file upload.txt (compact mmCIF, C-alpha atoms and all ligand atoms)
# COMPACT_ATOMS: atom_id res chain seq x y z
CA MET A 1 16.54 14.89 25.59
CA ALA A 2 17.34 11.75 23.55
CA ASN A 3 20.86 10.26 23.67
CA SER A 4 22.53 9.64 20.36
CA GLY A 5 21.53 6.15 19.31
CA GLN A 6 18.14 6.43 21.00
CA LYS A 7 15.12 6.49 18.74
CA VAL A 8 12.70 9.36 19.32
CA VAL A 9 9.12 8.03 19.52
CA LEU A 10 6.18 10.45 19.64
CA ILE A 11 2.84 8.99 20.73
CA THR A 12 -0.57 10.70 20.66
CA GLY A 13 -3.31 10.15 23.27
CA CYS A 14 -1.22 8.98 26.27
CA SER A 15 -3.57 10.01 29.09
CA SER A 16 -5.03 6.48 29.31
CA GLY A 17 -5.41 3.03 27.78
CA ILE A 18 -3.29 1.81 24.89
CA GLY A 19 -1.32 5.04 24.35
CA LEU A 20 -0.31 5.23 28.02
CA ARG A 21 0.81 1.61 28.02
CA ILE A 22 2.80 1.89 24.77
CA ALA A 23 4.56 4.98 26.15
CA VAL A 24 5.53 3.22 29.38
CA THR A 25 6.53 -0.05 27.68
CA LEU A 26 8.88 1.72 25.26
CA ALA A 27 10.28 4.11 27.88
CA ARG A 28 11.07 1.15 30.16
CA ASP A 29 12.87 -0.77 27.40
CA GLU A 30 15.71 -2.70 29.05
CA LYS A 31 18.25 -1.50 26.52
CA LYS A 32 17.00 2.12 26.75
CA ARG A 33 16.63 2.24 22.97
CA TYR A 34 13.81 4.80 22.99
CA HIS A 35 13.23 8.36 24.04
CA VAL A 36 9.45 8.60 24.33
CA ILE A 37 7.59 11.88 23.87
CA ALA A 38 4.22 11.03 25.37
CA THR A 39 1.58 13.57 24.36
CA MET A 40 -1.94 14.30 25.58
CA ARG A 41 -4.43 17.08 24.92
CA ASP A 42 -4.91 17.94 28.59
CA LEU A 43 -1.77 17.78 30.76
CA LYS A 44 -3.98 17.86 33.86
CA LYS A 45 -4.55 14.17 33.10
CA LYS A 46 -0.85 13.28 33.34
CA GLU A 47 -0.89 11.64 36.81
CA LYS A 48 -1.74 8.09 35.66
CA LEU A 49 1.06 8.16 33.09
CA VAL A 50 3.58 9.69 35.50
CA GLU A 51 2.75 7.04 38.09
CA ALA A 52 2.96 4.18 35.56
CA ALA A 53 6.27 5.48 34.19
CA GLY A 54 7.85 5.62 37.66
CA ASP A 55 11.57 6.39 37.67
CA VAL A 56 11.84 6.70 33.86
CA PHE A 57 9.67 9.83 33.90
CA GLY A 58 11.83 12.82 32.95
CA LYS A 59 14.52 10.44 31.63
CA THR A 60 13.42 8.18 28.75
CA LEU A 61 9.86 9.61 28.90
CA THR A 62 8.92 13.27 28.56
CA LEU A 63 5.54 14.92 28.20
CA LEU A 64 4.15 17.44 25.70
CA PRO A 65 0.64 18.82 25.14
CA LEU A 66 -0.94 17.88 21.82
CA ASP A 67 -4.52 17.97 20.56
CA VAL A 68 -4.72 16.09 17.24
CA CYS A 69 -7.79 18.16 16.29
CA SER A 70 -5.87 21.47 16.28
CA ASP A 71 -3.46 22.51 13.49
CA GLU A 72 -1.80 24.95 15.87
CA SER A 73 -1.33 22.46 18.70
CA VAL A 74 0.17 19.87 16.31
CA LYS A 75 2.61 22.40 14.81
CA THR A 76 3.64 23.84 18.20
CA CYS A 77 4.24 20.35 19.56
CA ILE A 78 6.38 19.13 16.64
CA ASP A 79 8.31 22.44 16.51
CA SER A 80 9.23 21.99 20.17
CA VAL A 81 10.91 18.62 19.47
CA LYS A 82 14.71 19.01 19.00
CA ASP A 83 15.39 19.49 15.26
CA ARG A 84 11.78 18.28 14.70
CA HIS A 85 13.45 14.86 14.63
CA ILE A 86 10.95 12.04 15.21
CA ASP A 87 12.00 8.50 14.27
CA ILE A 88 8.73 6.78 15.10
CA LEU A 89 5.30 8.44 15.14
CA ILE A 90 2.57 6.42 16.87
CA ASN A 91 -0.91 7.76 16.05
CA ASN A 92 -2.97 6.36 18.87
CA ALA A 93 -5.49 9.09 19.87
CA GLY A 94 -9.02 8.05 18.99
CA VAL A 95 -12.66 8.21 20.08
CA GLY A 96 -15.53 5.75 19.79
CA LEU A 97 -19.15 6.30 18.79
CA LEU A 98 -21.85 3.72 19.26
CA GLY A 99 -25.60 3.60 18.71
CA PRO A 100 -28.42 3.83 16.16
CA LEU A 101 -27.51 6.18 13.31
CA GLU A 102 -30.88 8.00 13.56
CA SER A 103 -29.97 9.35 17.00
CA ILE A 104 -26.48 10.61 16.13
CA SER A 105 -26.12 14.19 14.89
CA ILE A 106 -23.91 15.05 11.92
CA GLU A 107 -21.88 17.24 14.33
CA GLU A 108 -21.08 14.23 16.55
CA MET A 109 -20.10 12.21 13.47
CA LYS A 110 -17.77 14.99 12.28
CA LYS A 111 -16.05 15.05 15.69
CA VAL A 112 -15.21 11.35 15.32
CA PHE A 113 -13.76 11.92 11.83
CA GLU A 114 -11.92 15.03 13.08
CA THR A 115 -10.09 12.90 15.67
CA ASN A 116 -9.80 9.43 14.12
CA PHE A 117 -9.23 10.43 10.50
CA PHE A 118 -8.15 14.10 10.19
CA GLY A 119 -6.19 13.82 13.46
CA VAL A 120 -4.01 11.14 11.86
CA VAL A 121 -3.76 13.02 8.55
CA ARG A 122 -2.76 16.22 10.43
CA MET A 123 0.01 14.40 12.35
CA ILE A 124 1.38 12.61 9.28
CA LYS A 125 1.34 15.84 7.24
CA GLU A 126 3.43 17.58 9.93
CA VAL A 127 5.94 14.79 10.57
CA MET A 128 6.29 13.09 7.17
CA PRO A 129 8.25 15.79 5.26
CA ASP A 130 11.18 15.57 7.73
CA MET A 131 11.11 11.76 7.59
CA LYS A 132 11.13 11.89 3.78
CA LYS A 133 14.11 14.30 3.83
CA ARG A 134 16.03 12.00 6.19
CA ARG A 135 15.01 8.94 4.16
CA SER A 136 14.07 7.19 7.41
CA GLY A 137 11.18 6.86 9.79
CA HIS A 138 8.26 4.66 10.83
CA ILE A 139 4.64 5.77 11.05
CA VAL A 140 2.43 3.51 13.15
CA VAL A 141 -1.35 3.93 13.26
CA MET A 142 -3.70 2.47 15.86
CA SER A 143 -6.42 1.24 13.56
CA SER A 144 -8.86 -1.49 14.62
CA VAL A 145 -10.51 -4.66 13.38
CA MET A 146 -13.25 -2.15 12.61
CA GLY A 147 -10.87 -0.63 10.04
CA LEU A 148 -11.20 -3.91 8.14
CA GLN A 149 -14.69 -5.18 8.90
CA GLY A 150 -17.84 -3.21 9.67
CA VAL A 151 -19.66 -3.88 12.94
CA VAL A 152 -23.35 -3.13 13.35
CA PHE A 153 -24.21 0.01 15.41
CA ASN A 154 -20.57 1.15 15.15
CA ASP A 155 -21.27 2.60 11.68
CA ILE A 156 -19.50 5.95 12.05
CA TYR A 157 -16.54 4.73 14.12
CA THR A 158 -16.03 1.92 11.58
CA ALA A 159 -16.22 4.41 8.70
CA SER A 160 -13.56 6.63 10.35
CA LYS A 161 -11.19 3.68 10.72
CA PHE A 162 -11.89 2.46 7.14
CA ALA A 163 -11.08 5.99 5.91
CA MET A 164 -7.80 5.90 7.79
CA GLU A 165 -6.92 2.45 6.45
CA GLY A 166 -7.52 3.66 2.87
CA PHE A 167 -5.47 6.80 3.45
CA CYS A 168 -2.55 4.86 4.97
CA GLU A 169 -2.64 2.09 2.36
CA SER A 170 -2.24 4.78 -0.32
CA MET A 171 0.47 6.69 1.58
CA ALA A 172 2.49 3.54 2.33
CA VAL A 173 3.51 3.13 -1.31
CA GLN A 174 4.88 6.67 -1.68
CA LEU A 175 6.56 6.50 1.73
CA MET A 176 8.32 3.24 0.86
CA LYS A 177 10.11 5.08 -1.95
CA PHE A 178 11.57 7.40 0.74
CA ASN A 179 12.45 4.48 3.05
CA VAL A 180 9.69 5.51 5.50
CA ARG A 181 7.69 2.53 6.84
CA MET A 182 3.96 2.54 7.61
CA SER A 183 2.24 0.01 9.89
CA MET A 184 -1.35 -0.39 11.02
CA ILE A 185 -2.10 -2.09 14.37
CA GLU A 186 -5.54 -3.69 14.26
CA PRO A 187 -6.77 -4.73 17.72
CA GLY A 188 -10.14 -6.31 18.41
CA PRO A 189 -11.80 -5.37 21.72
CA VAL A 190 -9.37 -4.06 24.37
CA HIS A 191 -10.29 -3.32 28.00
CA THR A 192 -9.67 0.44 28.30
CA GLU A 193 -11.62 3.61 29.05
CA PHE A 194 -12.77 3.41 25.42
CA GLU A 195 -15.08 0.55 26.47
CA THR A 196 -16.19 2.19 29.75
CA LYS A 197 -16.75 5.61 28.14
CA MET A 198 -18.93 4.03 25.45
CA MET A 199 -20.94 1.92 27.89
CA ASP A 200 -21.47 4.93 30.21
CA ASP A 201 -22.71 6.99 27.25
CA VAL A 202 -25.01 4.17 26.19
CA ALA A 203 -26.58 3.90 29.64
CA LYS A 204 -27.28 7.67 29.69
CA MET A 205 -28.74 7.96 26.21
CA GLU A 206 -32.36 8.00 25.12
CA TYR A 207 -31.79 7.58 21.34
CA PRO A 208 -34.24 10.20 20.08
CA GLY A 209 -35.13 9.73 16.42
CA ALA A 210 -34.63 5.97 16.43
CA ASP A 211 -37.72 3.74 16.29
CA ALA A 212 -38.54 1.41 19.18
CA ASP A 213 -37.52 -1.79 17.32
CA THR A 214 -34.06 -0.39 16.45
CA VAL A 215 -33.48 0.76 20.04
CA ARG A 216 -34.54 -2.70 21.25
CA TYR A 217 -32.15 -4.46 18.81
CA PHE A 218 -29.37 -2.15 19.96
CA LYS A 219 -29.96 -2.40 23.71
CA ASP A 220 -31.26 -5.96 24.08
CA VAL A 221 -29.45 -7.77 21.27
CA TYR A 222 -26.27 -5.92 20.26
CA LEU A 223 -25.12 -4.67 23.69
CA PRO A 224 -25.30 -8.06 25.52
CA SER A 225 -23.46 -9.72 22.58
CA SER A 226 -20.88 -6.99 22.59
CA ILE A 227 -20.31 -7.43 26.35
CA ASP A 228 -19.88 -11.19 25.76
CA ILE A 229 -17.39 -10.49 23.00
CA PHE A 230 -15.37 -8.12 25.18
CA GLU A 231 -15.34 -10.82 27.89
CA ALA A 232 -14.38 -13.66 25.58
CA MET A 233 -11.95 -11.87 23.30
CA GLY A 234 -10.84 -8.73 25.15
CA GLN A 235 -7.11 -8.03 25.20
CA THR A 236 -5.27 -5.74 27.60
CA PRO A 237 -3.46 -2.50 26.74
CA GLU A 238 -0.26 -4.40 27.71
CA ASP A 239 -0.96 -6.95 24.93
CA ILE A 240 -1.32 -4.16 22.36
CA ALA A 241 1.81 -2.38 23.64
CA LYS A 242 3.83 -5.60 23.29
CA CYS A 243 2.51 -6.13 19.73
CA THR A 244 3.35 -2.53 18.84
CA LYS A 245 6.88 -2.89 20.24
CA LYS A 246 7.36 -6.03 18.12
CA VAL A 247 6.20 -4.18 15.02
CA ILE A 248 8.59 -1.24 15.51
CA GLU A 249 11.48 -3.60 16.31
CA SER A 250 10.95 -5.78 13.25
CA SER A 251 13.59 -5.50 10.53
CA SER A 252 10.80 -5.59 7.94
CA PRO A 253 7.64 -4.36 9.68
CA ARG A 254 4.34 -5.59 8.26
CA PHE A 255 1.77 -3.10 7.00
CA ARG A 256 -1.22 -4.88 8.62
CA ASN A 257 -1.03 -6.28 12.12
CA LEU A 258 -4.11 -7.92 13.63
CA THR A 259 -3.36 -8.40 17.33
CA ASN A 260 -6.08 -10.91 18.19
CA SER A 261 -6.05 -14.37 16.61
CA LEU A 262 -9.63 -14.94 17.81
CA TYR A 263 -10.75 -12.24 15.39
CA THR A 264 -8.94 -13.72 12.35
CA PRO A 265 -11.87 -15.90 11.17
CA ILE A 266 -14.22 -12.90 11.37
CA VAL A 267 -12.00 -10.80 9.09
CA ALA A 268 -11.27 -13.83 6.85
CA LEU A 269 -14.99 -14.11 5.93
CA LYS A 270 -14.69 -10.88 3.95
CA TYR A 271 -11.84 -12.20 1.83
CA ALA A 272 -13.43 -15.67 1.44
CA ASP A 273 -16.39 -14.23 -0.54
CA GLU A 274 -15.89 -11.16 -2.68
CA THR A 275 -19.66 -10.57 -2.96
CA GLY A 276 -19.75 -9.62 0.75
CA GLY A 277 -22.71 -11.97 1.30
CA LEU A 278 -20.82 -14.35 3.57
CA SER A 279 -19.79 -11.72 6.10
CA VAL A 280 -23.11 -9.81 6.09
CA ASN A 281 -25.16 -13.04 6.47
CA THR A 282 -22.84 -14.49 9.11
CA PHE A 283 -22.96 -11.32 11.25
CA TYR A 284 -26.75 -11.21 10.84
CA ASN A 285 -27.05 -14.81 12.02
CA LEU A 286 -24.54 -14.39 14.85
CA LEU A 287 -26.39 -11.38 16.15
CA PHE A 288 -30.08 -12.04 15.50
CA ASN A 289 -30.30 -15.83 15.40
CA PHE A 290 -27.53 -16.95 17.72
CA GLY A 291 -27.33 -13.90 19.99
CA PRO A 292 -28.37 -15.80 23.12
CA LEU A 293 -25.84 -18.51 22.21
CA MET A 294 -22.99 -16.02 21.88
CA HIS A 295 -20.99 -17.76 24.62
CA ILE A 296 -21.06 -21.00 22.59
CA THR A 297 -20.29 -19.11 19.39
CA MET A 298 -17.25 -17.64 21.09
CA SER A 299 -16.03 -21.14 21.99
CA ILE A 300 -16.47 -22.24 18.37
CA LEU A 301 -14.52 -19.20 17.24
CA LYS A 302 -11.74 -20.19 19.64
CA CYS A 303 -11.63 -23.69 18.05
CA LEU A 304 -11.66 -22.26 14.54
CA THR A 305 -8.58 -20.25 15.39
CA CYS A 306 -6.15 -23.03 14.59
CA SER A 307 -2.39 -22.52 14.54
CA CYS A 308 -2.24 -21.65 10.84
CA LEU A 309 -4.62 -18.72 11.43
CA ARG A 310 -2.70 -17.68 14.54
CA ARG A 311 0.40 -17.24 12.38
CA ARG A 312 -1.38 -14.42 10.54
CA THR A 313 -1.54 -12.23 13.64
CA ILE A 314 1.17 -10.49 15.63
CA SER A 315 1.16 -12.12 19.06
CA PRO A 316 2.08 -10.12 22.15
CA ASN A 317 4.50 -12.92 23.31
N1 LIG B 401 -10.34 -0.16 23.29
C1 LIG B 401 -10.62 -0.84 22.19
O1 LIG B 401 -11.41 -1.81 22.21
C2 LIG B 401 -9.92 -0.51 20.91
C3 LIG B 401 -9.34 0.73 20.70
N2 LIG B 401 -8.74 0.99 19.48
C4 LIG B 401 -8.11 2.28 19.22
O2 LIG B 401 -7.05 2.46 20.15
C5 LIG B 401 -6.80 3.85 20.32
C6 LIG B 401 -6.68 4.16 21.80
O3 LIG B 401 -7.90 3.89 22.44
P1 LIG B 401 -8.03 3.31 23.93
O4 LIG B 401 -6.73 3.34 24.60
O5 LIG B 401 -8.77 2.04 23.85
O6 LIG B 401 -9.05 4.37 24.55
P2 LIG B 401 -8.89 5.52 25.66
O7 LIG B 401 -10.19 6.21 25.65
O8 LIG B 401 -8.38 4.93 26.92
O9 LIG B 401 -7.75 6.46 25.05
C7 LIG B 401 -7.96 7.33 23.99
C8 LIG B 401 -6.91 8.41 24.07
O10 LIG B 401 -7.08 9.31 22.95
C9 LIG B 401 -7.06 10.60 23.47
N3 LIG B 401 -7.70 11.60 22.62
C10 LIG B 401 -8.99 11.70 22.24
N4 LIG B 401 -9.17 12.80 21.47
C11 LIG B 401 -7.96 13.40 21.38
C12 LIG B 401 -7.48 14.57 20.72
N5 LIG B 401 -8.30 15.36 20.04
N6 LIG B 401 -6.16 14.87 20.81
C13 LIG B 401 -5.31 14.09 21.52
N7 LIG B 401 -5.71 12.99 22.18
C14 LIG B 401 -7.01 12.65 22.10
C15 LIG B 401 -7.72 10.51 24.83
O11 LIG B 401 -7.43 11.69 25.58
P3 LIG B 401 -8.44 12.34 26.65
O12 LIG B 401 -8.17 11.62 27.93
O13 LIG B 401 -8.02 13.78 26.69
O14 LIG B 401 -9.83 12.15 26.14
C16 LIG B 401 -7.04 9.25 25.33
O15 LIG B 401 -5.75 9.54 25.82
C17 LIG B 401 -7.95 4.59 19.60
O16 LIG B 401 -7.49 5.05 18.36
C18 LIG B 401 -9.00 3.49 19.41
O17 LIG B 401 -9.78 3.74 18.27
C19 LIG B 401 -8.68 0.05 18.50
C20 LIG B 401 -9.23 -1.18 18.67
C21 LIG B 401 -9.92 -1.55 19.88
C1 LIG B 402 -21.91 -8.12 18.32
C2 LIG B 402 -21.24 -8.87 17.23
C3 LIG B 402 -19.95 -8.68 16.93
C4 LIG B 402 -19.24 -7.63 17.71
C5 LIG B 402 -17.99 -7.26 17.73
C6 LIG B 402 -17.44 -6.24 18.58
C7 LIG B 402 -18.21 -5.72 19.71
C8 LIG B 402 -16.20 -5.78 18.29
C9 LIG B 402 -15.56 -4.71 18.97
C10 LIG B 402 -14.43 -4.19 18.48
C11 LIG B 402 -13.83 -2.98 19.01
C12 LIG B 402 -14.26 -2.40 20.29
C13 LIG B 402 -12.93 -2.32 18.25
C14 LIG B 402 -12.38 -1.04 18.55
O1 LIG B 402 -11.78 -0.41 17.71
C15 LIG B 402 -19.32 -9.49 15.86
C16 LIG B 402 -18.09 -10.20 16.37
C17 LIG B 402 -18.94 -8.63 14.67
C18 LIG B 402 -20.20 -10.62 15.34
C19 LIG B 402 -21.59 -10.23 15.22
C20 LIG B 402 -22.10 -9.85 16.53
call {"tool": "encode", "arguments": {"input": "upload.txt", "output": "structure tokens"}}
result
Amino acid sequence: MANSGQKVVLITGCSSGIGLRIAVTLARDEKKRYHVIATMRDLKKKEKLVEAAGDVFGKTLTLLPLDVCSDESVKTCIDSVKDRHIDILINNAGVGLLGPLESISIEEMKKVFETNFFGVVRMIKEVMPDMKKRRSGHIVVMSSVMGLQGVVFNDIYTASKFAMEGFCESMAVQLMKFNVRMSMIEPGPVHTEFETKMMDDVAKMEYPGADADTVRYFKDVYLPSSIDIFEAMGQTPEDIAKCTKKVIESSSPRFRNLTNSLYTPIVALKYADETGGLSVNTFYNLLFNFGPLMHITMSILKCLTCSCLRRRTISPN
């Protein structure tokens, strides 16, 4: 149970990756400012979290089951929190989906929206009324650079994150009136199971319904570039946890928080040309004309990321 003065933080999707690391980072806060309720849909997966938490498990970190896709699970979980009092809600649970659109069923697409979009809506709907009543609270959402800029062959995942960005941008205004803050964390590539799960799926799949050229562009052009990008730009879950901690500890938390300064020029293209031509043409050229030179492109991107652009991101340090 939380001590008076401790903030209650509830985090979704703590069985691995970013959620696990945020839970442990906050629970191990030197000043013990947080009581973390780490949630996951399958408690059988708790071992990694328990091990990473070490001696704070059962003290500043407790566990609850929660599946963001189930109304009942969300309600049961929040009802079991003392007085339903949550100071900070971190919506982290999410799933990826990669590949040619032709080979993805509508059912698979709906599952992604059910988790990444409706999962967040469901959590906010359950927690927000109490925060509004108390005139205090902070809702944090693990978005993505793909919530701001589309990436080829990630069409449905990108759409789910765009939907969430639009939803949160609208909600933020109303919530501000009730002194409830809203912040989006927008990481680029991060080395987690998200990456491995997607790559494993990709290796297994046949892509029925997609024509041979599309499958070739996906497997032989997009995937090698994407691997290069993960190598050159990939952050760690620790980096994202540190950024998230900074955001929740800020006296005036920002709404948007890109975590990776290397990605700033990519997102900036969109705002530099309101016709959209600059970003679409640049991504086309990066992928189809300079694909084999992606390593060099990555170096150029690093140079482009001068200190004034770095200021626009939230750095982990
Ligand atoms: N890795 C990356 O490159 C990036 C990731 N993100 C976002 O970060 C967030 C965390 O992803 P990451 O740590 O990388 O990936 P992981 O796959 O390591 O973690 C995802 C977590 O979400 C959980 N989850 C999935 N579906 C549900 C559900 N229905 N209810 C509750 N929990 C669920 C998973 O649980 P289970 O183990 O049960 O499947 C897991 O704990 C996601 O929202 C993702 O979109 C954003 C930018 C980049
Ligand atoms: C291939 C390719 C790109 C790929 C970007 C990737 C692979 C981003 C991954 C982001 C992730 C994993 C976000 C998770 O939410 C760019 C840079 C757009 C430029 C054009 C070529």
call {"tool": "residues_near_point", "arguments": {"input": "upload.txt", "point": "(19.5, 6.9, 22.7)", "cutoff": "12 Å", "atoms": "only C-alpha atoms", "output": "CSV table (one decimal) with C-alpha atoms, in the frame of the given file"}}
result
chain,number,residue,atom,x,y,z
A,1,MET,CA,16.5,14.9,25.6
A,2,ALA,CA,17.3,11.8,23.6
A,3,ASN,CA,20.9,10.3,23.7
A,4,SER,CA,22.5,9.6,20.4
A,5,GLY,CA,21.5,6.2,19.3
A,6,GLN,CA,18.1,6.4,21.0
A,7,LYS,CA,15.1,6.5,18.7
A,8,VAL,CA,12.7,9.4,19.3
A,9,VAL,CA,9.1,8.0,19.5
A,27,ALA,CA,10.3,4.1,27.9
A,29,ASP,CA,12.9,-0.8,27.4
A,31,LYS,CA,18.2,-1.5,26.5
A,32,LYS,CA,17.0,2.1,26.8
A,33,ARG,CA,16.6,2.2,23.0
A,34,TYR,CA,13.8,4.8,23.0
A,35,HIS,CA,13.2,8.4,24.0
A,36,VAL,CA,9.4,8.6,24.3
A,59,LYS,CA,14.5,10.4,31.6
A,60,THR,CA,13.4,8.2,28.8
A,61,LEU,CA,9.9,9.6,28.9
A,87,ASP,CA,12.0,8.5,14.3
call {"tool": "residues_near_ligand", "arguments": {"input": "upload.txt", "ligand": "ligand LIG 401 (chain B)", "cutoff": "7 Å", "atoms": "all atoms listed in the file", "output": "PyMOL selection string"}}
result
chain A and resi 12-19+40-42+45+66-69+92-96+115-116+142-145+186-195
call {"tool": "write_last_selection", "arguments": {"input": "upload.txt", "atoms": "C-alpha atoms", "output": "PDB file, in the frame of the given file"}}
result
ATOM      1  CA  THR A  12      -0.570  10.700  20.660  1.00  0.00           C
ATOM      2  CA  GLY A  13      -3.310  10.150  23.270  1.00  0.00           C
ATOM      3  CA  CYS A  14      -1.220   8.980  26.270  1.00  0.00           C
ATOM      4  CA  SER A  15      -3.570  10.010  29.090  1.00  0.00           C
ATOM      5  CA  SER A  16      -5.030   6.480  29.310  1.00  0.00           C
ATOM      6  CA  GLY A  17      -5.410   3.030  27.780  1.00  0.00           C
ATOM      7  CA  ILE A  18      -3.290   1.810  24.890  1.00  0.00           C
ATOM      8  CA  GLY A  19      -1.320   5.040  24.350  1.00  0.00           C
ATOM      9  CA  MET A  40      -1.940  14.300  25.580  1.00  0.00           C
ATOM     10  CA  ARG A  41      -4.430  17.080  24.920  1.00  0.00           C
ATOM     11  CA  ASP A  42      -4.910  17.940  28.590  1.00  0.00           C
ATOM     12  CA  LYS A  45      -4.550  14.170  33.100  1.00  0.00           C
ATOM     13  CA  LEU A  66      -0.940  17.880  21.820  1.00  0.00           C
ATOM     14  CA  ASP A  67      -4.520  17.970  20.560  1.00  0.00           C
ATOM     15  CA  VAL A  68      -4.720  16.090  17.240  1.00  0.00           C
ATOM     16  CA  CYS A  69      -7.790  18.160  16.290  1.00  0.00           C
ATOM     17  CA  ASN A  92      -2.970   6.360  18.870  1.00  0.00           C
ATOM     18  CA  ALA A  93      -5.490   9.090  19.870  1.00  0.00           C
ATOM     19  CA  GLY A  94      -9.020   8.050  18.990  1.00  0.00           C
ATOM     20  CA  VAL A  95     -12.660   8.210  20.080  1.00  0.00           C
ATOM     21  CA  GLY A  96     -15.530   5.750  19.790  1.00  0.00           C
ATOM     22  CA  THR A 115     -10.090  12.900  15.670  1.00  0.00           C
ATOM     23  CA  ASN A 116      -9.800   9.430  14.120  1.00  0.00           C
ATOM     24  CA  MET A 142      -3.700   2.470  15.860  1.00  0.00           C
ATOM     25  CA  SER A 143      -6.420   1.240  13.560  1.00  0.00           C
ATOM     26  CA  SER A 144      -8.860  -1.490  14.620  1.00  0.00           C
ATOM     27  CA  VAL A 145     -10.510  -4.660  13.380  1.00  0.00           C
ATOM     28  CA  GLU A 186      -5.540  -3.690  14.260  1.00  0.00           C
ATOM     29  CA  PRO A 187      -6.770  -4.730  17.720  1.00  0.00           C
ATOM     30  CA  GLY A 188     -10.140  -6.310  18.410  1.00  0.00           C
ATOM     31  CA  PRO A 189     -11.800  -5.370  21.720  1.00  0.00           C
ATOM     32  CA  VAL A 190      -9.370  -4.060  24.370  1.00  0.00           C
ATOM     33  CA  HIS A 191     -10.290  -3.320  28.000  1.00  0.00           C
ATOM     34  CA  THR A 192      -9.670   0.440  28.300  1.00  0.00           C
ATOM     35  CA  GLU A 193     -11.620   3.610  29.050  1.00  0.00           C
ATOM     36  CA  PHE A 194     -12.770   3.410  25.420  1.00  0.00           C
ATOM     37  CA  GLU A 195     -15.080   0.550  26.470  1.00  0.00           C
TER      38      GLU A 195
END
call {"tool": "closest_atom_pairs", "arguments": {"input": "upload.txt", "of": "region 6-111 of chain A", "to": "region 146-155 of chain A", "cutoff": "7 Å", "atoms": "only C-alpha atoms", "output": "tab-separated table"}}
result
residue	atom	partner	partner_atom	distance
A:Leu97	CA	A:Asn154	CA	6.5
A:Leu98	CA	A:Asn154	CA	5.0
A:Gly99	CA	A:Phe153	CA	5.1
A:Pro100	CA	A:Phe153	CA	5.7
call {"tool": "atom_distance", "arguments": {"input": "upload.txt", "atom1": "CA of Tyr217 (chain A)", "atom2": "CA of Tyr271 (chain A)"}}
result
27.6 Å
call {"tool": "residues_around", "arguments": {"input": "upload.txt", "residues": "Thr282 (chain A)", "least_positions_apart": "4", "cutoff": "12 Å", "atoms": "all atoms listed in the file", "output": "compact mmCIF listing (two decimals) with C-alpha atoms, keeping the file's coordinate frame"}}
result
# COMPACT_ATOMS: atom_id res chain seq x y z
CA VAL A 151 -19.66 -3.88 12.94
CA PRO A 265 -11.87 -15.90 11.17
CA ILE A 266 -14.22 -12.90 11.37
CA VAL A 267 -12.00 -10.80 9.09
CA ALA A 268 -11.27 -13.83 6.85
CA LEU A 269 -14.99 -14.11 5.93
CA LYS A 270 -14.69 -10.88 3.95
CA ASP A 273 -16.39 -14.23 -0.54
CA GLY A 276 -19.75 -9.62 0.75
CA GLY A 277 -22.71 -11.97 1.30
CA LEU A 278 -20.82 -14.35 3.57
CA LEU A 286 -24.54 -14.39 14.85
CA LEU A 287 -26.39 -11.38 16.15
CA PHE A 288 -30.08 -12.04 15.50
CA ASN A 289 -30.30 -15.83 15.40
CA PHE A 290 -27.53 -16.95 17.72
CA GLY A 291 -27.33 -13.90 19.99
CA THR A 297 -20.29 -19.11 19.39
call {"tool": "residues_around", "arguments": {"input": "upload.txt", "residues": "Leu64 (chain A)", "least_positions_apart": "5", "cutoff": "9 Å", "atoms": "only C-alpha atoms", "output": "VMD selection string"}}
result
chain A and resid 37 to 41 43 77 80
call {"tool": "closest_residue", "arguments": {"input": "upload.txt", "among": "A:Glu30, A:Glu206, A:Glu169, A:Asp211", "to": "Arg254 (chain A)", "atoms": "all atoms listed in the file"}}
result
A:Glu169
call {"tool": "atom_distance", "arguments": {"input": "upload.txt", "atom1": "CA of Asn260 (chain A)", "atom2": "atom C11 of ligand LIG 402 (chain B)"}}
result
11.1 Å
call {"tool": "residues_around", "arguments": {"input": "upload.txt", "residues": "Arg135 (chain A)", "least_positions_apart": "3", "cutoff": "9 Å", "atoms": "all atoms listed in the file", "output": "tab-separated table (two decimals) with C-alpha atoms, in the coordinates of the input"}}
result
chain	number	residue	atom	x	y	z
A	130	ASP	CA	11.18	15.57	7.73
A	131	MET	CA	11.11	11.76	7.59
A	132	LYS	CA	11.13	11.89	3.78
A	177	LYS	CA	10.11	5.08	-1.95
A	178	PHE	CA	11.57	7.40	0.74
A	179	ASN	CA	12.45	4.48	3.05
A	180	VAL	CA	9.69	5.51	5.50
call {"tool": "residues_near_point", "arguments": {"input": "upload.txt", "point": "(2.4, -1.9, 2.0)", "cutoff": "8 Å", "atoms": "only C-alpha atoms", "output": "ChimeraX atom specification"}}
result
/A:169,172-173,176,182,254-255
call {"tool": "write_last_selection", "arguments": {"input": "upload.txt", "atoms": "C-alpha atoms", "output": "PDB file, keeping the file's coordinate frame"}}
result
ATOM      1  CA  GLU A 169      -2.640   2.090   2.360  1.00  0.00           C
ATOM      2  CA  ALA A 172       2.490   3.540   2.330  1.00  0.00           C
ATOM      3  CA  VAL A 173       3.510   3.130  -1.310  1.00  0.00           C
ATOM      4  CA  MET A 176       8.320   3.240   0.860  1.00  0.00           C
ATOM      5  CA  MET A 182       3.960   2.540   7.610  1.00  0.00           C
ATOM      6  CA  ARG A 254       4.340  -5.590   8.260  1.00  0.00           C
ATOM      7  CA  PHE A 255       1.770  -3.100   7.000  1.00  0.00           C
TER       8      PHE A 255
END
call {"tool": "closest_residue", "arguments": {"input": "upload.txt", "among": "A:Leu223, A:Leu258, A:Ile104, A:Leu175", "to": "Tyr207 (chain A)", "atoms": "all atoms listed in the file"}}
result
A:Ile104
call {"tool": "residues_around", "arguments": {"input": "upload.txt", "residues": "Ala53 (chain A)", "least_positions_apart": "5", "cutoff": "9 Å", "atoms": "all atoms listed in the file", "output": "MDAnalysis selection string"}}
result
chainID A and resid 23:25 27:28 48 61
